[in-house]
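Chemist: What follows is entry.tsv; its format and atoms are TSV, C-alpha atoms.
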chain	number	residue	atom	x	y	z
A	252	MET	CA	-3.34	12.75	-36.17
A	253	SER	CA	-6.57	12.01	-34.32
A	254	VAL	CA	-8.78	9.11	-35.29
A	255	ALA	CA	-11.59	11.47	-36.30
A	256	SER	CA	-9.53	13.61	-38.69
A	257	GLN	CA	-7.87	10.48	-40.06
A	258	ASN	CA	-11.30	9.07	-40.77
A	259	LEU	CA	-12.15	12.30	-42.66
A	260	ASP	CA	-9.00	12.02	-44.77
A	261	VAL	CA	-9.71	8.45	-45.74
A	262	LYS	CA	-13.33	9.31	-46.46
A	263	ALA	CA	-12.29	12.08	-48.84
A	264	LEU	CA	-9.85	9.76	-50.57
A	265	VAL	CA	-12.44	7.00	-50.94
A	266	ARG	CA	-14.87	9.55	-52.40
A	267	CYS	CA	-12.25	10.47	-54.99
A	268	ALA	CA	-11.70	6.79	-55.80
A	269	MET	CA	-15.46	6.29	-56.06
A	270	PHE	CA	-15.74	9.14	-58.58
A	271	ALA	CA	-12.76	7.78	-60.51
A	272	ALA	CA	-14.62	4.46	-60.69
A	273	LEU	CA	-17.77	6.34	-61.76
A	274	ILE	CA	-15.90	7.95	-64.66
A	275	ALA	CA	-14.66	4.47	-65.60
A	276	ALA	CA	-18.13	2.93	-65.34
A	277	LEU	CA	-19.58	5.68	-67.56
A	278	GLY	CA	-17.00	4.66	-70.18
A	279	LEU	CA	-18.38	1.12	-70.18
A	280	LEU	CA	-21.64	2.49	-71.59
A	281	PRO	CA	-21.50	2.32	-75.38
A	282	PRO	CA	-20.80	5.73	-76.98
A	283	ILE	CA	-24.10	7.39	-77.82
A	284	PRO	CA	-24.51	8.29	-81.50
A	285	VAL	CA	-26.42	11.54	-81.90
A	286	PRO	CA	-28.16	12.21	-85.23
A	287	ILE	CA	-26.98	15.73	-86.05
A	288	ILE	CA	-23.54	15.46	-84.44
A	289	PRO	CA	-20.81	13.80	-86.53
A	290	VAL	CA	-19.04	12.08	-83.62
A	291	PRO	CA	-20.57	9.79	-81.00
A	292	ILE	CA	-20.48	11.28	-77.51
A	293	THR	CA	-19.11	9.49	-74.48
A	294	ALA	CA	-20.63	9.84	-71.05
A	295	GLN	CA	-17.23	9.99	-69.34
A	296	THR	CA	-16.93	13.78	-69.39
A	297	LEU	CA	-20.25	13.87	-67.50
A	298	GLY	CA	-18.43	12.06	-64.69
A	299	VAL	CA	-15.52	14.50	-64.88
A	300	MET	CA	-17.79	17.53	-64.48
A	301	LEU	CA	-19.78	15.85	-61.70
A	302	ALA	CA	-16.54	15.05	-59.85
A	303	GLY	CA	-15.64	18.75	-59.82
A	304	ALA	CA	-19.14	19.89	-58.94
A	305	VAL	CA	-19.71	17.38	-56.13
A	306	LEU	CA	-16.20	16.95	-54.66
A	307	GLY	CA	-14.84	20.47	-55.14
A	308	PRO	CA	-11.79	21.64	-57.10
A	309	ARG	CA	-8.90	19.74	-55.49
A	310	ARG	CA	-10.66	16.47	-54.80
A	311	GLY	CA	-12.44	16.57	-58.15
A	312	ALA	CA	-9.08	16.96	-59.89
A	313	LEU	CA	-7.67	14.15	-57.72
A	314	ALA	CA	-10.53	11.85	-58.78
A	315	VAL	CA	-9.64	12.47	-62.43
A	316	ILE	CA	-5.92	11.92	-61.72
A	317	ILE	CA	-6.76	8.58	-60.06
A	318	PHE	CA	-8.85	7.60	-63.08
A	319	LEU	CA	-6.07	8.51	-65.52
A	320	GLY	CA	-3.58	6.64	-63.30
A	321	VAL	CA	-5.66	3.48	-63.57
A	322	VAL	CA	-5.84	3.90	-67.38
A	323	LEU	CA	-2.07	4.48	-67.50
A	324	LEU	CA	-1.54	1.24	-65.58
A	325	GLY	CA	-3.16	-0.59	-68.48
A	326	PHE	CA	-6.80	-1.03	-67.52
A	327	PRO	CA	-8.97	-0.50	-70.62
A	328	LEU	CA	-11.40	1.90	-68.95
A	329	LEU	CA	-11.48	4.74	-71.47
A	330	SER	CA	-14.61	4.75	-73.62
A	331	GLY	CA	-14.22	2.28	-76.46
A	332	GLY	CA	-12.24	-0.05	-74.19
A	333	ARG	CA	-8.95	1.80	-74.55
A	334	GLY	CA	-6.23	1.82	-71.93
A	335	GLY	CA	-2.49	1.66	-71.38
A	336	LEU	CA	0.30	4.02	-72.35
A	337	GLY	CA	-0.84	4.25	-75.97
A	338	VAL	CA	-3.78	6.54	-75.25
A	339	PHE	CA	-1.42	9.16	-73.84
A	340	PHE	CA	0.49	9.37	-77.12
A	341	GLY	CA	-2.42	9.96	-79.51
A	342	PRO	CA	-3.40	13.39	-80.84
A	343	SER	CA	-6.39	13.68	-78.50
A	344	ALA	CA	-4.45	12.81	-75.31
A	345	GLY	CA	-4.44	16.49	-74.28
A	346	PHE	CA	-8.19	16.33	-73.76
A	347	LEU	CA	-7.71	13.58	-71.17
A	348	VAL	CA	-5.07	15.60	-69.34
A	349	GLY	CA	-7.39	18.60	-69.71
A	350	TRP	CA	-10.01	16.71	-67.72
A	351	VAL	CA	-7.91	17.33	-64.61
A	352	ALA	CA	-8.01	21.09	-65.20
A	353	GLY	CA	-11.67	20.76	-66.17
A	354	ALA	CA	-12.74	19.08	-62.93
A	355	PHE	CA	-10.69	21.62	-60.97
A	356	CYS	CA	-12.33	24.62	-62.67
A	357	VAL	CA	-15.84	23.15	-62.35
A	358	GLY	CA	-15.21	22.70	-58.63
A	359	LEU	CA	-13.81	26.21	-58.30
A	360	LEU	CA	-16.79	27.88	-59.98
A	361	ALA	CA	-19.57	25.61	-58.73
A	362	ALA	CA	-22.15	26.97	-56.32
A	363	LYS	CA	-25.56	25.88	-55.10
A	364	SER	CA	-27.58	27.27	-58.00
A	365	LEU	CA	-28.34	25.88	-61.43
A	366	PRO	CA	-27.10	28.91	-63.42
A	367	ARG	CA	-23.81	28.93	-61.52
A	368	LEU	CA	-23.40	25.18	-62.00
A	369	THR	CA	-24.16	25.47	-65.71
A	370	ALA	CA	-21.59	28.25	-66.05
A	371	ALA	CA	-19.07	26.16	-64.10
A	372	CYS	CA	-19.61	23.12	-66.34
A	373	LEU	CA	-19.32	25.24	-69.50
A	374	VAL	CA	-16.15	27.03	-68.39
A	375	GLY	CA	-14.52	24.02	-66.73
A	376	GLY	CA	-15.92	21.08	-68.65
A	377	ILE	CA	-15.44	22.68	-72.06
A	378	GLY	CA	-13.24	25.80	-71.70
A	379	ALA	CA	-10.51	24.36	-69.49
A	380	VAL	CA	-10.52	20.97	-71.23
A	381	TYR	CA	-10.17	22.54	-74.69
A	382	LEU	CA	-7.55	24.98	-73.39
A	383	VAL	CA	-5.28	22.00	-72.75
A	384	GLY	CA	-6.53	19.65	-75.46
A	385	VAL	CA	-6.47	21.96	-78.49
A	386	PRO	CA	-2.86	23.27	-78.20
A	387	TRP	CA	-1.72	19.74	-77.30
A	388	MET	CA	-3.36	18.39	-80.46
A	389	ALA	CA	-1.80	21.21	-82.51
A	390	LEU	CA	1.63	20.31	-81.14
A	391	VAL	CA	1.34	16.54	-81.57
A	392	ALA	CA	-0.39	16.61	-84.95
A	393	ASP	CA	1.83	19.39	-86.31
A	394	ILE	CA	-1.02	21.76	-87.22
A	395	SER	CA	-1.83	25.30	-86.11
A	396	VAL	CA	-3.91	25.95	-82.98
A	397	ALA	CA	-6.69	27.43	-85.13
A	398	GLN	CA	-6.77	24.29	-87.26
A	399	ALA	CA	-6.86	22.07	-84.16
A	400	LEU	CA	-9.72	24.16	-82.83
A	401	ILE	CA	-11.70	23.64	-86.05
A	402	ALA	CA	-11.03	19.90	-85.85
A	403	SER	CA	-12.25	19.82	-82.23
A	404	ALA	CA	-15.38	21.81	-83.04
A	405	ALA	CA	-17.08	18.57	-84.11
A	406	PHE	CA	-17.21	17.60	-80.44
A	407	LEU	CA	-18.56	20.95	-79.28
A	408	PRO	CA	-22.33	20.32	-79.72
A	409	GLY	CA	-22.09	17.07	-77.74
A	410	ASP	CA	-20.00	18.74	-75.06
A	411	LEU	CA	-22.51	21.58	-74.73
A	412	VAL	CA	-25.32	19.08	-74.18
A	413	LYS	CA	-23.23	17.21	-71.62
A	414	ALA	CA	-22.30	20.39	-69.72
A	415	VAL	CA	-25.98	21.28	-69.28
A	416	LEU	CA	-26.88	17.71	-68.28
A	417	ALA	CA	-24.01	17.61	-65.78
A	418	ALA	CA	-25.16	20.88	-64.21
A	419	ILE	CA	-28.73	19.61	-63.85
A	420	ALA	CA	-27.54	16.32	-62.35
A	421	ALA	CA	-25.09	18.11	-60.01
A	422	ARG	CA	-27.86	20.39	-58.70
A	423	ALA	CA	-30.10	17.40	-58.00
A	424	ILE	CA	-27.24	15.60	-56.21
A	425	GLN	CA	-26.54	18.70	-54.09
A	426	ARG	CA	-30.18	18.68	-53.01
A	427	GLY	CA	-30.23	14.95	-52.30
A	428	TYR	CA	-26.89	14.60	-50.54
A	429	PRO	CA	-25.39	17.84	-49.27
A	430	LEU	CA	-21.64	17.37	-48.96
A	431	GLY	CA	-21.05	20.86	-47.63
A	432	THR	CA	-18.34	22.92	-49.25
A	433	SER	CA	-15.55	20.37	-48.81
B	110	MET	CA	-12.67	-8.24	-62.02
B	111	ILE	CA	-11.48	-6.10	-64.89
B	112	ALA	CA	-8.48	-7.40	-66.78
B	113	GLY	CA	-5.66	-5.15	-67.91
B	114	VAL	CA	-4.30	-5.01	-71.44
B	115	TYR	CA	-1.33	-7.24	-70.49
B	116	GLN	CA	-0.81	-10.19	-72.84
B	117	PRO	CA	1.14	-13.06	-71.22
B	118	GLY	CA	4.28	-14.15	-73.01
B	119	ASN	CA	7.97	-14.86	-72.61
B	120	SER	CA	9.67	-12.60	-75.18
B	121	CYS	CA	12.60	-10.33	-74.35
B	122	PHE	CA	10.05	-7.52	-74.08
B	123	HIS	CA	8.12	-9.43	-71.43
B	124	ARG	CA	11.32	-10.12	-69.49
B	125	ALA	CA	12.69	-6.57	-69.62
B	126	THR	CA	12.02	-4.42	-66.56
B	127	PRO	CA	9.21	-1.84	-66.90
B	128	GLY	CA	11.70	0.96	-66.17
B	129	LEU	CA	13.88	-0.10	-69.11
B	130	LYS	CA	10.86	-0.30	-71.40
B	131	LEU	CA	9.61	3.13	-70.35
B	132	ALA	CA	13.08	4.61	-70.93
B	133	ALA	CA	13.25	2.94	-74.36
B	134	LEU	CA	9.81	4.29	-75.18
B	135	ALA	CA	10.91	7.80	-74.25
B	136	ILE	CA	14.02	7.53	-76.44
B	137	TYR	CA	11.95	6.14	-79.30
B	138	ALA	CA	9.48	9.03	-78.98
B	139	VAL	CA	12.29	11.59	-79.10
B	140	ALA	CA	13.90	9.82	-82.08
B	141	LEU	CA	10.59	9.80	-83.99
B	142	SER	CA	10.02	13.49	-83.45
B	143	VAL	CA	13.61	14.50	-84.25
B	144	VAL	CA	14.08	12.46	-87.44
B	145	GLU	CA	13.19	14.47	-90.55
B	146	GLN	CA	14.26	12.19	-93.42
B	147	ILE	CA	11.27	10.20	-94.56
B	148	VAL	CA	13.29	7.02	-95.24
B	149	LEU	CA	14.76	7.01	-91.73
B	150	LEU	CA	11.31	7.65	-90.30
B	151	MET	CA	9.86	4.74	-92.21
B	152	GLY	CA	12.69	2.55	-90.92
B	153	LEU	CA	12.04	3.64	-87.34
B	154	SER	CA	8.33	2.98	-87.71
B	155	ALA	CA	8.97	-0.46	-89.23
B	156	LEU	CA	11.12	-1.21	-86.18
B	157	VAL	CA	8.08	-1.12	-83.91
B	158	LEU	CA	6.29	-3.66	-86.12
B	159	VAL	CA	9.31	-5.98	-85.89
B	160	ALA	CA	9.26	-5.51	-82.11
B	161	TRP	CA	5.53	-6.31	-82.15
B	162	GLN	CA	6.31	-9.62	-83.88
B	163	ILE	CA	9.16	-10.44	-81.50
B	164	ALA	CA	6.86	-9.79	-78.53
B	165	GLY	CA	4.51	-12.43	-79.96
B	166	LEU	CA	1.60	-10.02	-80.29
B	167	THR	CA	-0.92	-10.57	-83.08
B	168	TRP	CA	-2.00	-8.33	-85.93
B	169	ALA	CA	-5.53	-8.43	-84.53
B	170	GLN	CA	-4.21	-6.81	-81.34
B	171	LEU	CA	-2.41	-4.22	-83.45
B	172	SER	CA	-5.54	-3.27	-85.35
B	173	ALA	CA	-7.51	-3.18	-82.10
B	174	ASN	CA	-5.10	-0.50	-80.87
B	175	LEU	CA	-5.41	1.53	-84.06
B	176	LYS	CA	-9.15	0.99	-84.51
B	177	LEU	CA	-10.28	4.29	-83.02
B	178	LEU	CA	-7.13	6.19	-83.87
B	179	ILE	CA	-7.31	5.38	-87.57
B	180	TRP	CA	-10.18	7.80	-88.20
B	181	ILE	CA	-8.39	10.64	-86.48
B	182	LEU	CA	-5.24	9.81	-88.43
B	183	LEU	CA	-7.11	9.70	-91.74
B	184	ALA	CA	-8.74	13.05	-91.00
B	185	LEU	CA	-5.35	14.50	-90.08
B	186	PHE	CA	-3.81	13.06	-93.23
B	187	GLY	CA	-6.45	14.60	-95.46
B	188	PHE	CA	-6.14	17.89	-93.65
B	189	GLN	CA	-2.35	18.09	-93.88
B	190	LEU	CA	-2.36	16.87	-97.46
B	191	PHE	CA	-4.28	20.03	-98.19
B	192	VAL	CA	-2.22	22.53	-96.23
B	193	ALA	CA	1.28	21.04	-96.18
B	194	GLY	CA	1.59	18.44	-98.90
B	195	PHE	CA	1.85	14.66	-99.02
B	196	TRP	CA	5.19	14.07	-97.28
B	197	ARG	CA	4.45	16.24	-94.28
B	198	ALA	CA	1.05	14.56	-93.91
B	199	PHE	CA	2.67	11.14	-94.22
B	200	ASP	CA	5.34	12.13	-91.67
B	201	THR	CA	2.74	13.27	-89.12
B	202	ILE	CA	0.51	10.24	-89.16
B	203	LEU	CA	3.43	7.79	-89.36
B	204	THR	CA	5.03	9.36	-86.28
B	205	LEU	CA	1.76	9.28	-84.35
B	206	ALA	CA	0.87	5.72	-85.32
B	207	ALA	CA	4.36	4.42	-84.49
B	208	LEU	CA	4.30	6.16	-81.10
B	209	VAL	CA	0.91	4.79	-80.16
B	210	VAL	CA	1.89	1.28	-81.23
B	211	ALA	CA	5.18	1.48	-79.31
B	212	ALA	CA	3.40	2.65	-76.16
B	213	ALA	CA	0.80	-0.10	-76.58
B	214	LEU	CA	3.64	-2.61	-76.92
B	215	VAL	CA	4.97	-1.57	-73.51
B	216	SER	CA	1.54	-1.92	-71.93
B	217	HIS	CA	0.84	-5.27	-73.61
B	218	THR	CA	4.12	-6.77	-72.36
B	219	THR	CA	4.12	-5.36	-68.82
B	220	ARG	CA	2.15	-6.96	-66.02
B	221	THR	CA	-0.15	-4.44	-64.31
B	222	ASP	CA	1.49	-5.27	-60.95
B	223	ASP	CA	4.96	-4.54	-62.30
B	224	MET	CA	3.81	-1.29	-63.87
B	225	LEU	CA	2.24	-0.34	-60.53
B	226	ASP	CA	5.47	-1.08	-58.65
B	227	THR	CA	7.50	0.95	-61.13
B	228	LEU	CA	5.14	3.91	-61.00
B	229	THR	CA	5.08	3.70	-57.20
B	230	ALA	CA	8.87	3.85	-57.12
B	231	ALA	CA	8.91	6.68	-59.64
B	232	PHE	CA	6.54	8.73	-57.53
B	233	SER	CA	8.33	8.16	-54.22
B	234	PRO	CA	9.94	11.66	-54.37
B	235	PHE	CA	6.42	13.03	-53.91
B	236	ALA	CA	6.30	11.48	-50.41
B	237	ARG	CA	7.59	14.79	-49.02
B	238	PHE	CA	4.37	16.48	-50.22
B	239	GLY	CA	2.35	14.14	-48.04
B	240	VAL	CA	1.48	11.57	-50.70
B	241	LYS	CA	2.64	8.16	-49.56
B	242	PRO	CA	3.50	6.12	-52.69
B	243	GLU	CA	2.10	2.88	-51.27
B	244	ASP	CA	-1.16	4.65	-50.41
B	245	ALA	CA	-1.35	5.99	-53.98
B	246	ALA	CA	-0.76	2.48	-55.33
B	247	PHE	CA	-3.47	1.11	-53.05
B	248	VAL	CA	-5.97	3.76	-54.20
B	249	LEU	CA	-5.38	2.88	-57.87
B	250	VAL	CA	-5.96	-0.83	-57.28
B	251	PHE	CA	-8.92	-0.11	-55.00
B	252	THR	CA	-10.47	2.05	-57.74
B	253	VAL	CA	-10.27	-0.80	-60.27
B	254	ARG	CA	-12.07	-2.99	-57.75
B	255	LEU	CA	-14.79	-0.33	-57.36
B	256	VAL	CA	-15.64	-0.17	-61.10
B	257	PRO	CA	-17.83	-3.33	-61.22
B	258	PHE	CA	-19.54	-2.19	-58.02
B	259	VAL	CA	-20.30	1.24	-59.51
B	260	SER	CA	-21.65	-0.45	-62.65
B	261	ILE	CA	-24.01	-2.59	-60.56
B	262	VAL	CA	-25.27	0.45	-58.64
B	263	GLY	CA	-25.81	2.22	-61.97
B	264	ARG	CA	-27.72	-0.70	-63.42
B	265	GLU	CA	-29.94	-0.85	-60.33
B	266	ALA	CA	-30.64	2.87	-60.57
B	267	ILE	CA	-31.69	2.52	-64.23
B	268	ASP	CA	-33.82	-0.55	-63.40
B	269	ALA	CA	-35.51	1.30	-60.53
B	270	ARG	CA	-36.45	4.13	-62.87
B	271	ARG	CA	-37.81	1.66	-65.43
B	272	ALA	CA	-39.85	-0.11	-62.77
B	273	ARG	CA	-41.53	3.24	-62.04
B	274	GLY	CA	-42.24	3.66	-65.75
B	275	ALA	CA	-39.73	6.48	-66.15
B	276	GLY	CA	-38.06	5.19	-69.29
B	277	ARG	CA	-34.54	4.06	-70.05
B	278	ASN	CA	-32.70	7.38	-70.17
B	279	PRO	CA	-29.54	6.80	-68.09
B	280	VAL	CA	-28.84	10.48	-67.27
B	281	PRO	CA	-31.56	11.01	-64.59
B	282	ALA	CA	-30.46	7.69	-63.09
B	283	LEU	CA	-27.07	9.31	-62.41
B	284	VAL	CA	-28.55	11.30	-59.52
B	285	PRO	CA	-29.73	8.43	-57.27
B	286	MET	CA	-26.65	6.50	-58.40
B	287	VAL	CA	-24.16	9.13	-57.19
B	288	ILE	CA	-26.09	9.69	-53.95
B	289	ARG	CA	-25.99	5.97	-53.20
B	290	LEU	CA	-22.29	5.79	-54.07
B	291	MET	CA	-21.55	8.63	-51.65
B	292	ARG	CA	-23.46	6.80	-48.90
B	293	GLU	CA	-21.56	3.58	-49.58
B	294	THR	CA	-18.33	5.58	-49.40
B	295	ASP	CA	-18.92	6.36	-45.74
B	296	ALA	CA	-19.20	2.68	-44.83
B	297	LEU	CA	-16.24	1.76	-47.03
B	298	SER	CA	-13.91	4.33	-45.50
B	299	GLU	CA	-14.88	3.22	-42.00
B	300	ALA	CA	-13.99	-0.34	-42.96
B	301	LEU	CA	-10.65	0.83	-44.37
B	302	VAL	CA	-9.78	2.85	-41.25
B	303	ALA	CA	-10.75	-0.13	-39.07
B	304	ARG	CA	-8.21	-2.18	-41.06
B	305	GLY	CA	-5.47	0.36	-40.43
B	306	PHE	CA	-5.47	2.27	-43.72
B	307	GLY	CA	-4.25	5.85	-43.53
B	308	ARG	CA	-2.38	5.35	-40.25
B	309	THR	CA	1.02	7.04	-40.23
Is it possible to express this structure as structure tokens?
Modeler:
Amino acid sequence: MSVASQNLDVKALVRCAMFAALIAALGLLPPIPVPIIPVPITAQTLGVMLAGAVLGPRRGALAVIIFLGVVLLGFPLLSGGRGGLGVFFGPSAGFLVGWVAGAFCVGLLAAKSLPRLTAACLVGGIGAVYLVGVPWMALVADISVAQALIASAAFLPGDLVKAVLAAIAARAIQRGYPLGTS
Amino acid sequence: MIAGVYQPGNSCFHRATPGLKLAALAIYAVALSVVEQIVLLMGLSALVLVAWQIAGLTWAQLSANLKLLIWILLALFGFQLFVAGFWRAFDTILTLAALVVAAALVSHTTRTDDMLDTLTAAFSPFARFGVKPEDAAFVLVFTVRLVPFVSIVGREAIDARRARGAGRNPVPALVPMVIRLMRETDALSEALVARGFGRT
């Protein structure tokens, strides 16, 4: 392997690690209570969608995997200061695993226009995440998929707001620091 | 530096190897989901509380682990009470709570380094796909080190916006924050390559 291509590899990996750290840092912000929405929203999914939009599908997914790996190791970096094996056994653990699929889909669908980015964040950041999280919750909590979907609907308004915000932020980042298509 | 959830101690749980604890956790999870009789299930769940005591962990640590989960569990309980009756509801939340506490017990009694070594060993079969386990381990530790740095960059981005009279909303600050992080990445990866990282 040449020095130049090796440098590229390491650079891509460090970018993934940096986004993993960004998702973690967003979790250190206190959850934001929103008046009309029953559950406080966390900024971490913003980081997940940005990882997909900025890094692309595979590297975006890798960034989320790195983040989840660090949480699994026992660092309390999930919003609310949670970490360790326990978080992967709760009823909402599927949503965390769904983040990997979410970042991948956002990266797959993202393009250099705001409507495309918004669509990508809606499909990936909400659709793909719920596609994993809702059946997982149904399985773990012993309820039907429809019931799990109703239970998750409380998070939907916050997630919609975040998807739009992530798309706007991703477009501005694309303008400010073009990473190419990699 | 960010501390892990490990709680120092010298119980048999602290001394057991992480691999043994993870295997025990897996068996416990299967047992919890297989057992149907409510009395047996209660016994199994009580077991994890006994283990918690033996490991020298406090009740405050236990409630900290269940703090966020408790609301989800209560909602689930109410929901299942309606559709499936008391015992099924009780069964569901007891299983979930016991599992989460058992998993937390493993994390609380396992040093982050040991967990990292165990996971590195467990993922060594993936080496054939081009992922070197020791590189993966390095990236995880490196990421933890990056978190305080990212927080500082974020704080500076918010402060810069405030200094321009743009308010305290953290979302627009994300843009200059990410751009600066990507710039720093270039310098960081050059430093890593210069120190021999990524060489095969």
Chemist: When the cut-off is 7 Å and we count only C-alpha atoms, which residues of chain B are near chain A, given as a count of residues only?
Modeler: 31
Chemist: For segment 152-164 of chain B, find every residue with an atom within 6 Å (counting only C-alpha atoms), except residues of its own chain fewer than 6 positions away, and show them as an mmCIF file with C-alpha atoms, keeping the file's coordinate frame.
Modeler:
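The file below, result01.cif, is the result:
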data_model
loop_
_atom_site.group_PDB
_atom_site.id
_atom_site.type_symbol
_atom_site.label_atom_id
_atom_site.label_comp_id
_atom_site.auth_asym_id
_atom_site.auth_seq_id
_atom_site.Cartn_x
_atom_site.Cartn_y
_atom_site.Cartn_z
ATOM 1 C CA SER B 120 9.670 -12.600 -75.180
ATOM 2 C CA PHE B 122 10.050 -7.520 -74.080
ATOM 3 C CA ALA B 207 4.360 4.420 -84.490
#
Chemist: In Å to one decimal, how far is atom CA of Ala236 of chain B from atom CA of Leu313 of chain A?
Modeler: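 We find that atom CA of Leu313 of chain A and atom CA of Ala236 of chain B lie 16.0 Å from each other.
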Chemist: Rounded to one decimal in Å, what is the spacing between atom CA of Ala379 of chain A and atom CA of Leu329 of chain A?
Modeler: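 Between atom CA of Ala379 of chain A and atom CA of Leu329 of chain A the gap is 19.7 Å.
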Chemist: To one decimal place in Å, what is the distance between atom CA of Pro234 of chain B and atom CA of Leu129 of chain B?
Modeler: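 Distance reported for this atom pair: 19.3 Å.
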Chemist: Kindly indicate which residue among B:Phe258, B:Asp200, B:Asn278, B:Asp268 lies nearest to Leu290 of chain B, using all atoms listed in the file for the distances.
Modeler: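 Residue with the minimum atom-to-atom distance to Leu290 of chain B: B:Phe258.
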Chemist: For Val415 of chain A, work out the shell of residues within 6 Å, counting all atoms listed in the file and skipping chain neighbours fewer than 3 positions away, then give it as a VMD selection string.
Modeler: chain A and resid 369 412 418
Chemist: Take segment 271-284 of chain B, bring it up to N, CA and C atoms, and give me the output as an mmCIF file, keeping the file's coordinate frame.
Modeler:
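As a result, out.cif now contains:
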data_model
loop_
_atom_site.group_PDB
_atom_site.id
_atom_site.type_symbol
_atom_site.label_atom_id
_atom_site.label_comp_id
_atom_site.auth_asym_id
_atom_site.auth_seq_id
_atom_site.Cartn_x
_atom_site.Cartn_y
_atom_site.Cartn_z
ATOM 1 N N ARG B 271 -36.951 2.372 -64.467
ATOM 2 C CA ARG B 271 -37.810 1.660 -65.430
ATOM 3 C C ARG B 271 -39.010 1.051 -64.730
ATOM 4 N N ALA B 272 -38.755 0.519 -63.527
ATOM 5 C CA ALA B 272 -39.850 -0.110 -62.770
ATOM 6 C C ALA B 272 -40.937 0.915 -62.436
ATOM 7 N N ARG B 273 -40.540 2.187 -62.303
ATOM 8 C CA ARG B 273 -41.530 3.240 -62.040
ATOM 9 C C ARG B 273 -42.095 3.798 -63.338
ATOM 10 N N GLY B 274 -41.727 3.208 -64.464
ATOM 11 C CA GLY B 274 -42.240 3.660 -65.750
ATOM 12 C C GLY B 274 -41.611 4.943 -66.239
ATOM 13 N N ALA B 275 -40.365 5.205 -65.813
ATOM 14 C CA ALA B 275 -39.730 6.480 -66.150
ATOM 15 C C ALA B 275 -38.833 6.404 -67.381
ATOM 16 N N GLY B 276 -38.855 5.276 -68.063
ATOM 17 C CA GLY B 276 -38.060 5.190 -69.290
ATOM 18 C C GLY B 276 -36.631 4.760 -69.035
ATOM 19 N N ARG B 277 -35.863 4.650 -70.135
ATOM 20 C CA ARG B 277 -34.540 4.060 -70.050
ATOM 21 C C ARG B 277 -33.412 5.074 -70.069
ATOM 22 N N ASN B 278 -33.733 6.353 -70.094
ATOM 23 C CA ASN B 278 -32.700 7.380 -70.170
ATOM 24 C C ASN B 278 -31.741 7.270 -68.978
ATOM 25 N N PRO B 279 -30.460 7.030 -69.213
ATOM 26 C CA PRO B 279 -29.540 6.800 -68.090
ATOM 27 C C PRO B 279 -29.138 8.070 -67.332
ATOM 28 N N VAL B 280 -29.345 9.258 -67.918
ATOM 29 C CA VAL B 280 -28.840 10.480 -67.270
ATOM 30 C C VAL B 280 -29.551 10.796 -65.943
ATOM 31 N N PRO B 281 -30.915 10.752 -65.896
ATOM 32 C CA PRO B 281 -31.560 11.010 -64.590
ATOM 33 C C PRO B 281 -31.179 9.957 -63.554
ATOM 34 N N ALA B 282 -30.844 8.756 -64.016
ATOM 35 C CA ALA B 282 -30.460 7.690 -63.090
ATOM 36 C C ALA B 282 -29.136 8.006 -62.402
ATOM 37 N N LEU B 283 -28.356 8.927 -63.000
ATOM 38 C CA LEU B 283 -27.070 9.310 -62.410
ATOM 39 C C LEU B 283 -27.248 9.878 -61.002
ATOM 40 N N VAL B 284 -28.371 10.603 -60.799
ATOM 41 C CA VAL B 284 -28.550 11.300 -59.520
ATOM 42 C C VAL B 284 -28.680 10.314 -58.352
#
